[in-house]
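What's in upload_25.csv: CSV, C-alpha atoms
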```csv
chain,number,residue,atom,x,y,z
A,1,MET,CA,27.5,-48.0,12.2
A,2,THR,CA,29.4,-45.3,10.5
A,3,ALA,CA,28.1,-42.8,8.0
A,4,HIS,CA,29.7,-42.4,4.6
A,5,GLU,CA,30.1,-38.9,3.3
A,6,ASN,CA,30.2,-38.5,-0.5
A,7,GLU,CA,33.3,-36.5,-1.2
A,8,THR,CA,31.7,-34.5,-4.1
A,9,THR,CA,28.3,-33.6,-2.7
A,10,GLY,CA,29.0,-33.7,1.0
A,11,LEU,CA,25.7,-35.5,1.5
A,12,GLU,CA,25.8,-37.9,4.3
A,13,PHE,CA,23.8,-41.1,4.4
A,14,PRO,CA,23.8,-43.3,7.4
A,15,ALA,CA,25.1,-46.8,6.6
A,16,GLY,CA,21.7,-48.3,7.3
A,17,ALA,CA,19.8,-46.2,4.9
A,18,SER,CA,16.9,-48.7,4.8
A,19,GLU,CA,16.2,-47.9,8.5
A,20,VAL,CA,15.4,-44.3,7.6
A,21,ASP,CA,12.2,-43.3,5.9
A,22,TYR,CA,13.6,-41.6,2.8
A,23,PRO,CA,11.1,-40.0,0.4
A,24,PRO,CA,11.3,-41.6,-3.1
A,25,PRO,CA,13.9,-39.7,-5.2
A,26,ASP,CA,11.5,-39.1,-8.2
A,27,GLY,CA,9.1,-37.4,-5.8
A,28,VAL,CA,11.7,-35.2,-4.2
A,29,PHE,CA,13.3,-34.2,-7.5
A,30,LYS,CA,10.0,-33.5,-9.1
A,31,ALA,CA,9.0,-31.4,-6.1
A,32,LEU,CA,12.1,-29.3,-6.5
A,33,ALA,CA,11.8,-29.0,-10.3
A,34,SER,CA,9.6,-26.0,-10.0
A,35,SER,CA,10.7,-22.5,-8.9
A,36,LYS,CA,7.3,-22.0,-7.4
A,37,ARG,CA,7.6,-25.0,-5.2
A,38,ARG,CA,11.2,-24.1,-4.2
A,39,ARG,CA,9.9,-20.7,-3.2
A,40,LEU,CA,7.1,-22.2,-1.3
A,41,LEU,CA,9.5,-24.4,0.7
A,42,ALA,CA,11.7,-21.3,1.4
A,43,ALA,CA,8.7,-19.4,2.6
A,44,LEU,CA,7.7,-22.0,5.2
A,45,PRO,CA,9.1,-21.5,8.7
A,46,SER,CA,11.2,-24.4,10.0
A,47,HIS,CA,9.3,-25.2,13.1
A,48,SER,CA,5.8,-23.9,12.9
A,49,ALA,CA,2.8,-24.3,10.7
A,50,MET,CA,1.4,-21.5,8.5
A,51,THR,CA,-2.1,-20.9,7.3
A,52,LEU,CA,-2.7,-21.4,3.6
A,53,ASP,CA,-3.8,-17.7,3.3
A,54,ASP,CA,-0.6,-16.4,4.9
A,55,LEU,CA,1.5,-18.6,2.7
A,56,THR,CA,-0.4,-17.3,-0.4
A,57,ASP,CA,0.2,-13.7,0.9
A,58,ILE,CA,3.9,-14.3,1.1
A,59,LEU,CA,4.2,-15.9,-2.4
A,60,VAL,CA,2.1,-13.1,-4.0
A,61,GLY,CA,3.9,-10.4,-2.1
A,62,TRP,CA,7.3,-11.8,-3.0
A,63,GLN,CA,6.2,-11.9,-6.6
A,64,SER,CA,5.0,-8.3,-6.4
A,65,THR,CA,8.5,-7.0,-5.6
A,66,ALA,CA,9.6,-8.1,-9.0
A,67,ASP,CA,6.4,-7.7,-11.1
A,68,GLY,CA,4.6,-4.8,-9.5
A,69,PRO,CA,1.4,-4.7,-7.5
A,70,ALA,CA,-0.9,-7.7,-7.6
A,71,GLY,CA,-4.7,-7.7,-6.9
A,72,PRO,CA,-7.2,-10.3,-5.7
A,73,ASP,CA,-7.4,-12.2,-9.0
A,74,GLU,CA,-3.7,-12.9,-8.9
A,75,TRP,CA,-4.0,-13.9,-5.2
A,76,ALA,CA,-6.9,-16.4,-6.0
A,77,LYS,CA,-4.9,-17.9,-8.9
A,78,VAL,CA,-1.9,-18.5,-6.7
A,79,LYS,CA,-4.0,-20.1,-3.9
A,80,ILE,CA,-5.8,-22.4,-6.4
A,81,GLU,CA,-2.4,-23.5,-7.8
A,82,LEU,CA,-1.2,-24.2,-4.3
A,83,VAL,CA,-4.2,-26.3,-3.3
A,84,HIS,CA,-4.6,-28.2,-6.6
A,85,ALA,CA,-1.0,-28.6,-7.8
A,86,HIS,CA,1.9,-27.7,-5.6
A,87,LEU,CA,0.9,-28.7,-2.1
A,88,PRO,CA,-0.4,-32.2,-3.1
A,89,LEU,CA,2.8,-32.8,-5.0
A,90,LEU,CA,5.0,-31.6,-2.1
A,91,ALA,CA,2.9,-33.6,0.4
A,92,ASP,CA,3.3,-36.8,-1.8
A,93,ALA,CA,7.1,-36.2,-1.8
A,94,GLY,CA,7.0,-36.0,2.0
A,95,LEU,CA,8.3,-32.5,2.0
A,96,VAL,CA,5.3,-30.7,3.6
A,97,THR,CA,2.2,-31.6,5.6
A,98,TYR,CA,-1.0,-30.0,4.6
A,99,GLU,CA,-4.2,-30.3,6.7
A,100,ASP,CA,-7.1,-28.1,7.5
A,101,GLU,CA,-5.7,-25.1,5.7
A,102,GLU,CA,-2.5,-25.4,7.6
A,103,VAL,CA,0.8,-26.0,5.9
A,104,ALA,CA,4.0,-27.0,7.6
A,105,ARG,CA,7.4,-28.3,6.6
A,106,ALA,CA,7.9,-31.9,7.2
A,107,GLU,CA,10.9,-33.3,9.2
A,108,TYR,CA,13.4,-34.2,6.6
A,109,PRO,CA,16.1,-36.8,6.8
A,110,GLU,CA,19.5,-35.0,6.8
A,111,PRO,CA,20.4,-35.5,3.1
A,112,VAL,CA,16.9,-34.2,2.0
A,113,GLU,CA,17.4,-31.2,4.3
A,114,GLU,CA,20.7,-30.4,2.6
A,115,LEU,CA,19.3,-30.9,-0.9
A,116,VAL,CA,16.4,-28.5,-0.2
A,117,ALA,CA,18.8,-26.0,1.3
A,118,PHE,CA,21.1,-26.4,-1.7
A,119,ALA,CA,18.2,-25.7,-4.1
A,120,GLY,CA,17.4,-22.5,-2.3
A,121,GLU,CA,21.0,-21.4,-2.3
A,122,TYR,CA,21.3,-22.1,-6.0
A,123,ASP,CA,18.2,-20.0,-6.7
A,124,ASP,CA,19.5,-17.1,-4.7
A,125,ALA,CA,22.9,-17.3,-6.4
A,126,ILE,CA,21.3,-17.2,-9.9
A,127,ALA,CA,18.8,-14.5,-8.9
A,128,ALA,CA,21.6,-12.3,-7.5
A,129,ASP,CA,23.4,-12.4,-10.9
A,130,GLU,CA,20.3,-11.4,-12.9
A,131,PRO,CA,20.2,-7.8,-14.0
A,132,ARG,CA,17.2,-6.1,-12.3
B,1,MET,CA,-22.4,16.2,7.8
B,2,SER,CA,-19.7,18.5,9.2
B,3,PHE,CA,-16.0,18.4,8.2
B,4,GLY,CA,-15.3,16.8,11.6
B,5,GLY,CA,-17.9,14.1,10.8
B,6,ILE,CA,-16.4,13.4,7.4
B,7,LEU,CA,-12.9,13.1,8.9
B,8,ALA,CA,-14.1,10.7,11.6
B,9,ASP,CA,-16.0,8.6,9.0
B,10,VAL,CA,-12.9,8.2,6.7
B,11,ALA,CA,-10.7,7.5,9.7
B,12,ASP,CA,-13.0,4.6,10.6
B,13,ARG,CA,-12.6,3.0,7.1
B,14,GLU,CA,-9.3,1.6,8.2
B,15,LYS,CA,-7.5,-1.0,6.1
B,16,GLN,CA,-5.1,-3.6,7.5
B,17,VAL,CA,-1.6,-3.6,6.2
B,18,VAL,CA,0.9,-6.4,6.9
B,19,VAL,CA,4.5,-5.3,6.2
B,20,TYR,CA,6.8,-8.2,5.5
B,21,ALA,CA,10.4,-7.2,5.8
B,22,PRO,CA,13.6,-9.3,5.9
B,23,ASP,CA,15.0,-7.4,8.8
B,24,ASP,CA,14.2,-4.5,11.1
B,25,THR,CA,14.3,-1.8,8.4
B,26,GLY,CA,10.7,-2.5,7.7
B,27,SER,CA,9.5,-1.5,11.2
B,28,GLU,CA,10.8,2.0,10.7
B,29,LEU,CA,8.8,2.2,7.4
B,30,ALA,CA,5.8,0.8,9.2
B,31,ASP,CA,5.9,3.9,11.4
B,32,VAL,CA,5.5,6.1,8.3
B,33,LEU,CA,2.5,4.0,7.2
B,34,ALA,CA,1.0,4.3,10.6
B,35,THR,CA,0.2,8.0,10.0
B,36,ARG,CA,-2.3,6.9,7.3
B,37,ASN,CA,-5.6,5.2,8.0
B,38,LEU,CA,-3.9,1.9,7.8
B,39,ALA,CA,-3.5,-0.5,10.7
B,40,VAL,CA,0.0,-1.8,10.4
B,41,ASP,CA,1.2,-5.2,11.5
B,42,HIS,CA,4.9,-6.0,11.0
B,43,ARG,CA,6.2,-9.5,10.3
B,44,GLN,CA,9.6,-11.0,9.8
B,45,LEU,CA,9.9,-12.4,6.3
B,46,PRO,CA,11.5,-15.8,5.9
B,47,ALA,CA,14.8,-15.5,4.0
B,48,ILE,CA,12.9,-15.7,0.7
B,49,SER,CA,13.0,-12.1,-0.4
B,50,SER,CA,15.5,-9.3,0.2
B,51,GLU,CA,12.9,-6.7,-0.6
B,52,ALA,CA,10.1,-5.7,1.8
B,53,PHE,CA,6.5,-5.9,0.6
B,54,VAL,CA,3.1,-5.2,2.0
B,55,ILE,CA,-0.2,-7.0,2.0
B,56,ILE,CA,-3.4,-4.9,2.2
B,57,ARG,CA,-6.6,-6.4,3.6
B,58,ASP,CA,-10.0,-4.9,4.1
B,59,GLY,CA,-12.2,-6.7,6.6
B,60,GLY,CA,-9.9,-9.7,6.3
B,61,GLU,CA,-10.2,-10.0,2.5
B,62,PHE,CA,-7.1,-9.8,0.5
B,63,GLN,CA,-7.0,-6.5,-1.5
B,64,GLY,CA,-3.5,-6.3,-2.9
B,65,ALA,CA,0.2,-6.9,-2.6
B,66,LEU,CA,3.0,-4.6,-3.6
B,67,SER,CA,6.5,-3.7,-2.6
B,68,LEU,CA,6.9,-1.3,0.3
B,69,ALA,CA,8.9,1.0,-1.9
B,70,ASP,CA,6.0,1.3,-4.4
B,71,LEU,CA,3.6,2.0,-1.6
B,72,LEU,CA,5.7,4.7,0.0
B,73,ALA,CA,6.3,6.4,-3.4
B,74,PHE,CA,2.6,6.4,-4.1
B,75,LEU,CA,1.7,7.9,-0.7
B,76,THR,CA,4.2,10.8,-0.9
B,77,PRO,CA,2.2,13.9,-1.4
B,78,PRO,CA,0.8,15.4,-3.5
B,79,ILE,CA,-1.1,12.3,-4.5
B,80,ARG,CA,-1.8,11.9,-8.3
B,81,ARG,CA,-4.7,10.5,-10.2
B,82,PRO,CA,-4.0,7.4,-12.3
B,83,GLU,CA,-4.7,9.2,-15.6
B,84,ASP,CA,-2.0,11.8,-14.7
B,85,LEU,CA,0.6,9.1,-14.2
B,86,ASP,CA,3.2,8.3,-16.8
B,87,SER,CA,3.3,4.7,-18.2
B,88,LEU,CA,5.9,3.6,-15.7
B,89,ALA,CA,3.7,4.7,-12.8
B,90,ARG,CA,0.5,3.3,-14.2
B,91,LYS,CA,1.0,0.1,-12.3
B,92,HIS,CA,0.1,2.3,-9.3
B,93,ARG,CA,-3.5,2.2,-10.5
B,94,VAL,CA,-3.9,-1.0,-8.4
B,95,ILE,CA,-2.7,0.9,-5.3
B,96,TYR,CA,-5.0,3.7,-6.0
B,97,GLU,CA,-8.0,1.3,-6.1
B,98,LEU,CA,-6.7,-0.4,-3.0
B,99,LEU,CA,-6.7,2.8,-1.0
B,100,ASP,CA,-10.1,3.9,-2.2
B,101,ASP,CA,-8.8,7.1,-3.6
B,102,THR,CA,-9.0,8.7,-0.2
B,103,VAL,CA,-5.9,9.2,1.9
B,104,PHE,CA,-6.2,10.1,5.5
B,105,VAL,CA,-3.0,11.7,6.6
B,106,THR,CA,-0.9,13.5,9.1
B,107,LEU,CA,1.0,16.2,7.3
B,108,ASP,CA,3.2,19.1,8.1
B,109,ARG,CA,2.5,22.5,6.7
B,110,ARG,CA,4.9,22.2,3.8
B,111,GLN,CA,3.3,18.9,2.6
B,112,LEU,CA,-0.2,20.4,3.0
B,113,LEU,CA,0.9,23.4,0.9
B,114,ALA,CA,2.2,21.1,-1.9
B,115,THR,CA,-1.1,19.2,-1.9
B,116,SER,CA,-3.1,22.5,-1.9
B,117,ARG,CA,-1.1,23.8,-4.9
B,118,GLU,CA,-1.9,20.5,-6.7
B,119,LEU,CA,-5.6,21.0,-6.2
B,120,GLU,CA,-5.6,24.7,-7.2
B,121,ASP,CA,-3.6,23.8,-10.3
B,122,ARG,CA,-6.1,21.1,-11.2
B,123,ALA,CA,-9.0,23.6,-10.9
B,124,TRP,CA,-7.1,26.2,-12.9
B,125,ARG,CA,-6.4,23.7,-15.8
B,126,THR,CA,-10.1,22.7,-15.7
B,127,GLY,CA,-11.2,26.3,-15.9
B,128,HIS,CA,-14.9,25.8,-14.9
B,129,GLY,CA,-16.9,24.6,-12.0
B,130,ARG,CA,-16.8,25.8,-8.4
B,131,LEU,CA,-14.0,26.1,-5.9
B,132,HIS,CA,-14.3,26.7,-2.2
B,133,ALA,CA,-11.2,27.4,-0.2
B,134,GLY,CA,-10.8,28.1,3.5
B,135,PHE,CA,-7.8,29.8,5.0
B,136,GLN,CA,-7.0,29.6,8.7
B,137,ARG,CA,-4.5,32.4,8.8
B,138,ALA,CA,-4.2,35.9,7.3
B,139,ASP,CA,-0.7,35.3,6.0
B,140,ALA,CA,-1.7,32.1,4.2
B,141,PHE,CA,-4.5,34.0,2.5
B,142,GLU,CA,-2.3,36.9,1.5
B,143,ALA,CA,0.2,34.5,-0.1
B,144,GLN,CA,-2.5,33.1,-2.3
B,145,THR,CA,-4.5,36.2,-3.3
B,146,SER,CA,-3.0,36.4,-6.8
B,147,VAL,CA,-3.7,32.7,-7.4
B,148,TYR,CA,-7.3,33.2,-6.4
B,149,ARG,CA,-7.6,36.3,-8.5
B,150,GLU,CA,-6.5,34.3,-11.5
B,151,LEU,CA,-8.8,31.4,-10.6
B,152,ALA,CA,-11.7,33.8,-10.4
B,153,ALA,CA,-10.9,35.2,-13.9
B,154,THR,CA,-11.8,31.7,-15.3
B,155,ASP,CA,-15.3,30.4,-15.4
B,156,ILE,CA,-14.9,29.0,-12.0
B,157,ASP,CA,-17.2,30.2,-9.2
B,158,VAL,CA,-14.7,30.9,-6.5
B,159,HIS,CA,-15.6,31.2,-2.8
B,160,VAL,CA,-12.9,32.1,-0.2
B,161,TYR,CA,-13.4,31.7,3.5
B,162,VAL,CA,-11.1,33.7,5.9
B,163,PRO,CA,-11.1,34.3,9.6
B,164,GLY,CA,-12.8,37.4,10.9
B,165,GLY,CA,-10.7,40.6,10.9
B,166,VAL,CA,-8.6,39.6,7.9
B,167,SER,CA,-8.5,42.3,5.2
B,168,THR,CA,-10.0,41.1,1.9
B,169,ASP,CA,-9.4,44.3,0.0
B,170,ALA,CA,-6.9,42.6,-2.3
B,171,LEU,CA,-9.8,40.7,-3.8
B,172,ALA,CA,-12.4,43.4,-3.6
B,173,ASP,CA,-12.4,44.1,-7.3
B,174,SER,CA,-12.4,40.4,-8.4
B,175,PRO,CA,-15.5,38.2,-8.8
B,176,VAL,CA,-14.4,36.0,-5.8
B,177,THR,CA,-17.2,35.6,-3.2
B,178,LEU,CA,-15.7,36.2,0.2
B,179,HIS,CA,-17.0,34.7,3.4
B,180,THR,CA,-15.9,35.4,7.0
B,181,ARG,CA,-15.9,32.2,8.9
B,182,ASP,CA,-16.6,31.7,12.5
B,183,GLY,CA,-17.2,28.6,14.7
B,184,ASP,CA,-16.3,25.1,13.7
B,185,LEU,CA,-15.5,25.9,10.0
B,186,GLY,CA,-12.7,28.2,11.1
B,187,ARG,CA,-10.6,25.3,12.4
B,188,TYR,CA,-10.1,23.7,9.0
B,189,TRP,CA,-7.8,24.3,6.1
B,190,PHE,CA,-9.8,23.2,3.1
B,191,ILE,CA,-10.0,23.3,-0.7
B,192,LEU,CA,-13.0,21.8,-2.5
B,193,PHE,CA,-13.4,21.7,-6.2
B,194,ASP,CA,-16.2,20.5,-8.4
B,195,ASP,CA,-15.6,20.6,-12.1
B,196,GLY,CA,-19.4,21.1,-12.8
B,197,GLU,CA,-19.3,18.5,-15.5
B,198,SER,CA,-18.4,14.8,-15.4
B,199,GLY,CA,-16.9,15.0,-11.9
B,200,ALA,CA,-13.6,13.5,-13.1
B,201,GLN,CA,-11.6,16.5,-11.8
B,202,ASN,CA,-13.4,16.8,-8.5
B,203,CYS,CA,-11.2,16.8,-5.5
B,204,ALA,CA,-11.1,17.9,-1.9
B,205,LEU,CA,-8.6,18.5,0.9
B,206,ILE,CA,-9.8,18.9,4.5
B,207,ALA,CA,-7.3,19.3,7.3
B,208,ARG,CA,-7.4,20.3,10.9
B,209,GLU,CA,-4.4,21.6,12.8
B,210,THR,CA,-3.4,19.4,15.7
B,211,GLU,CA,-1.8,20.5,19.0
B,212,ASP,CA,1.8,19.8,17.8
B,213,GLY,CA,1.4,22.1,14.9
B,214,ARG,CA,0.9,19.3,12.3
B,215,TYR,CA,-2.3,18.7,10.4
B,216,GLN,CA,-4.6,15.7,10.3
B,217,GLY,CA,-7.1,15.3,7.5
B,218,LEU,CA,-7.8,13.8,4.1
B,219,TRP,CA,-7.5,14.4,0.5
B,220,THR,CA,-9.7,12.7,-2.0
B,221,TYR,CA,-10.9,12.4,-5.6
B,222,ASN,CA,-13.9,10.4,-4.5
B,223,GLU,CA,-16.9,12.2,-6.0
B,224,GLU,CA,-19.3,11.2,-3.2
B,225,LEU,CA,-17.0,12.5,-0.6
B,226,VAL,CA,-16.3,15.8,-2.4
B,227,ASP,CA,-20.1,16.3,-2.6
B,228,GLU,CA,-20.4,15.6,1.1
B,229,ALA,CA,-17.7,18.2,1.8
B,230,PHE,CA,-19.5,20.8,-0.3
B,231,ARG,CA,-22.7,20.2,1.7
B,232,ALA,CA,-20.7,20.9,4.9
B,233,VAL,CA,-19.9,24.5,3.8
B,234,GLU,CA,-22.9,25.4,1.7
```

Please lay out the structure from this file as structure tokens.
Amino acid sequence: MTAHENETTGLEFPAGASEVDYPPPDGVFKALASSKRRRLLAALPSHSAMTLDDLTDILVGWQSTADGPAGPDEWAKVKIELVHAHLPLLADAGLVTYEDEEVARAEYPEPVEELVAFAGEYDDAIAADEPR
Amino acid sequence: MSFGGILADVADREKQVVVYAPDDTGSELADVLATRNLAVDHRQLPAISSEAFVIIRDGGEFQGALSLADLLAFLTPPIRRPEDLDSLARKHRVIYELLDDTVFVTLDRRQLLATSRELEDRAWRTGHGRLHAGFQRADAFEAQTSVYRELAATDIDVHVYVPGGVSTDALADSPVTLHTRDGDLGRYWFILFDDGESGAQNCALIARETEDGRYQGLWTYNEELVDEAFRAVE
């Protein structure tokens, strides 16, 4: 079997796409449609799990470099959003695993990996252009 | 409690700081932080942010997050009170609360002088209350005699402590109460101010010279701690 590569996107799907467990497109695109979730994906290390508290620290800390110091109220709010909104959505899309207060990146099929990386690069490029 | 006991107590109230930095630059800054009563842990930040930030925890509980640049700016002496800050700096109120308005520090002589001047200036602007200042050296005392003469000309009850053998003639005709120190108290450089009213202007600096010629100690606007410091000299 040979892989076809789309000339425009560079995304490569194996010919037998049905043999690979691809997450449903709506789930993936919905997951990536929020800057908070894209940031969350970027914060997760590729090969190890992270505690929910550490992940919350990173997201709140990252935000504080733009918005100024944040206190416990802000931290609690971010954690609640993670637990009740963002993590379930990302887990449903097959992008993260979330169990016992531990969060990890899922293993993505190649095209999904590239899509997530592209979303991150796009965010960085836009952020770099914004006046600070 | 003695000054030594106060310093030991404050040093024990250590908070945990995690510095997240995108590269090694953060570890250098972590060394600066390590001179405070902060236990510093350094972690590599995933490529999410180009700017280092810190997380402060107390007994494992999240207390605050801020950029490393903000924290270092705040910790540069002399420390200011939030109501003295301009609007841009008011966001530092959060940091001030985080750090419990007491900073335990290692300082060199120049930084200690700058902090002392800030506290003397605060007392002078307040114009009433009581001020106790201890000098370790004759030259330090001589350099400040005119300042203390002016302070004593206000409604402040001024007490000055000097090592034995130092001439205090320069203040003989001023209402300053002079004390010759001996024993433990003589090892400390201190300024204690109580405004005699609301306590909003109370402040204290207590420092002990270390073997390498630097100073270790604290400065605080915490009223309870200022009271404690007064009890150590009175």

Worksheet item: What is the atom CA of Thr210 of chain B-atom CA of Gln144 of chain B distance in Å, reported with one decimal?
Response: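 Distance reported for this atom pair: 22.6 Å.
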
Item to complete: For the point (7.5, -30.4, 0.1) in the file's frame, write as a PyMOL selection string all residues with an atom no more than 12 Å away, counting only C-alpha atoms.
Response: chain A and resi 23+27-34+36-44+82+85-98+103-108+112-113+115-116

Worksheet entry | Within 6 Å of chain B: residues of chain A, using all atoms listed in the file, as a list in words | Ala42, Ala43, Gly61, Ser64, Thr65, Pro69, Ala70, Gly71 and Pro72 of chain A

Item to complete: Please measure the separation of atom CA of Ala11 of chain B and atom CA of Trp219 of chain B, giving the value in Å to one decimal.
Response: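 About the pair atom CA of Ala11 of chain B and atom CA of Trp219 of chain B: they are 11.9 Å apart.
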
Fill in: Atomic distance atom CA of Trp62 of chain A - atom CA of Ala21 of chain B, expressed in Å with one decimal
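Value for the atom CA of Trp62 of chain A-atom CA of Ala21 of chain B distance: 10.4 Å.
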
Worksheet entry | Surrounding residues of Glu110 of chain A excluding itself and chain neighbours under 5 positions, 9 Å, all atoms listed in the file, as a PyMOL selection string | chain A and resi 11-13+115

Discussion item. Can you tell me which residues surround Val226 of chain B at a distance of at most 7 Å, considering only C-alpha atoms, apart from same-chain residues fewer than 2 positions away, and format the answer as a ChimeraX atom specification?
Written reply: /B:192,202-204,222-224,228-230

Worksheet item: Within 10 Å of Tyr215 of chain B, counting only C-alpha atoms, which residues qualify if same-chain residues fewer than 5 places away don't, as a VMD selection string?
Response: chain B and resid 105 to 109 111 to 112 188 to 189 206 to 210

Worksheet item: What lies within 8 Å of Glu102 of chain A using only C-alpha atoms, ignoring chain neighbours under 4 positions off, as a ChimeraX atom specification?
Response: /A:49-52,98

Since the input is missing atoms for segment 91-115 of chain A, could you rebuild it with N, CA and C atoms and give the result as a short mmCIF file (atom, residue, chain, number, x, y, z; two decimals), in the coordinates of the input?
```cif
data_model
loop_
_atom_site.label_atom_id
_atom_site.label_comp_id
_atom_site.auth_asym_id
_atom_site.auth_seq_id
_atom_site.Cartn_x
_atom_site.Cartn_y
_atom_site.Cartn_z
N ALA A 91 3.36 -32.73 -0.69
CA ALA A 91 2.90 -33.60 0.40
C ALA A 91 3.25 -35.10 -0.01
N ASP A 92 3.00 -35.44 -1.29
CA ASP A 92 3.30 -36.80 -1.80
C ASP A 92 4.82 -37.07 -1.66
N ALA A 93 5.61 -36.04 -1.89
CA ALA A 93 7.10 -36.20 -1.80
C ALA A 93 7.54 -36.24 -0.36
N GLY A 94 6.64 -36.03 0.57
CA GLY A 94 7.00 -36.00 2.00
C GLY A 94 7.70 -34.78 2.45
N LEU A 95 7.57 -33.70 1.67
CA LEU A 95 8.30 -32.50 2.00
C LEU A 95 7.44 -31.51 2.87
N VAL A 96 6.12 -31.58 2.72
CA VAL A 96 5.30 -30.70 3.60
C VAL A 96 4.10 -31.57 4.11
N THR A 97 3.50 -31.07 5.17
CA THR A 97 2.20 -31.60 5.60
C THR A 97 1.18 -30.53 5.34
N TYR A 98 0.00 -30.96 4.94
CA TYR A 98 -1.00 -30.00 4.60
C TYR A 98 -2.37 -30.53 5.08
N GLU A 99 -2.90 -29.89 6.12
CA GLU A 99 -4.20 -30.30 6.70
C GLU A 99 -4.94 -29.14 7.21
N ASP A 100 -6.24 -29.14 7.00
CA ASP A 100 -7.10 -28.10 7.50
C ASP A 100 -6.58 -26.69 7.27
N GLU A 101 -6.21 -26.42 6.02
CA GLU A 101 -5.70 -25.10 5.70
C GLU A 101 -4.45 -24.68 6.38
N GLU A 102 -3.76 -25.66 6.96
CA GLU A 102 -2.50 -25.40 7.60
C GLU A 102 -1.38 -26.09 6.89
N VAL A 103 -0.31 -25.38 6.62
CA VAL A 103 0.80 -26.00 5.90
C VAL A 103 2.04 -25.95 6.80
N ALA A 104 2.78 -27.03 6.81
CA ALA A 104 4.00 -27.00 7.60
C ALA A 104 5.09 -27.82 6.86
N ARG A 105 6.32 -27.47 7.10
CA ARG A 105 7.40 -28.30 6.60
C ARG A 105 7.46 -29.58 7.30
N ALA A 106 7.74 -30.65 6.56
CA ALA A 106 7.90 -31.90 7.20
C ALA A 106 9.30 -32.01 7.83
N GLU A 107 9.50 -32.99 8.71
CA GLU A 107 10.90 -33.30 9.20
C GLU A 107 11.60 -34.01 8.13
N TYR A 108 12.69 -33.46 7.66
CA TYR A 108 13.40 -34.20 6.60
C TYR A 108 14.57 -34.95 7.15
N PRO A 109 14.86 -36.12 6.54
CA PRO A 109 16.10 -36.80 6.80
C PRO A 109 17.25 -35.82 6.39
N GLU A 110 18.38 -35.92 7.05
CA GLU A 110 19.50 -35.00 6.80
C GLU A 110 19.83 -34.74 5.33
N PRO A 111 19.98 -35.77 4.48
CA PRO A 111 20.40 -35.50 3.10
C PRO A 111 19.29 -34.69 2.34
N VAL A 112 18.02 -34.93 2.68
CA VAL A 112 16.90 -34.20 2.00
C VAL A 112 16.97 -32.73 2.45
N GLU A 113 17.21 -32.52 3.73
CA GLU A 113 17.40 -31.20 4.30
C GLU A 113 18.43 -30.40 3.50
N GLU A 114 19.56 -31.08 3.29
CA GLU A 114 20.70 -30.40 2.60
C GLU A 114 20.35 -30.16 1.13
N LEU A 115 19.64 -31.10 0.54
CA LEU A 115 19.30 -30.90 -0.90
C LEU A 115 18.33 -29.74 -1.06
#
```
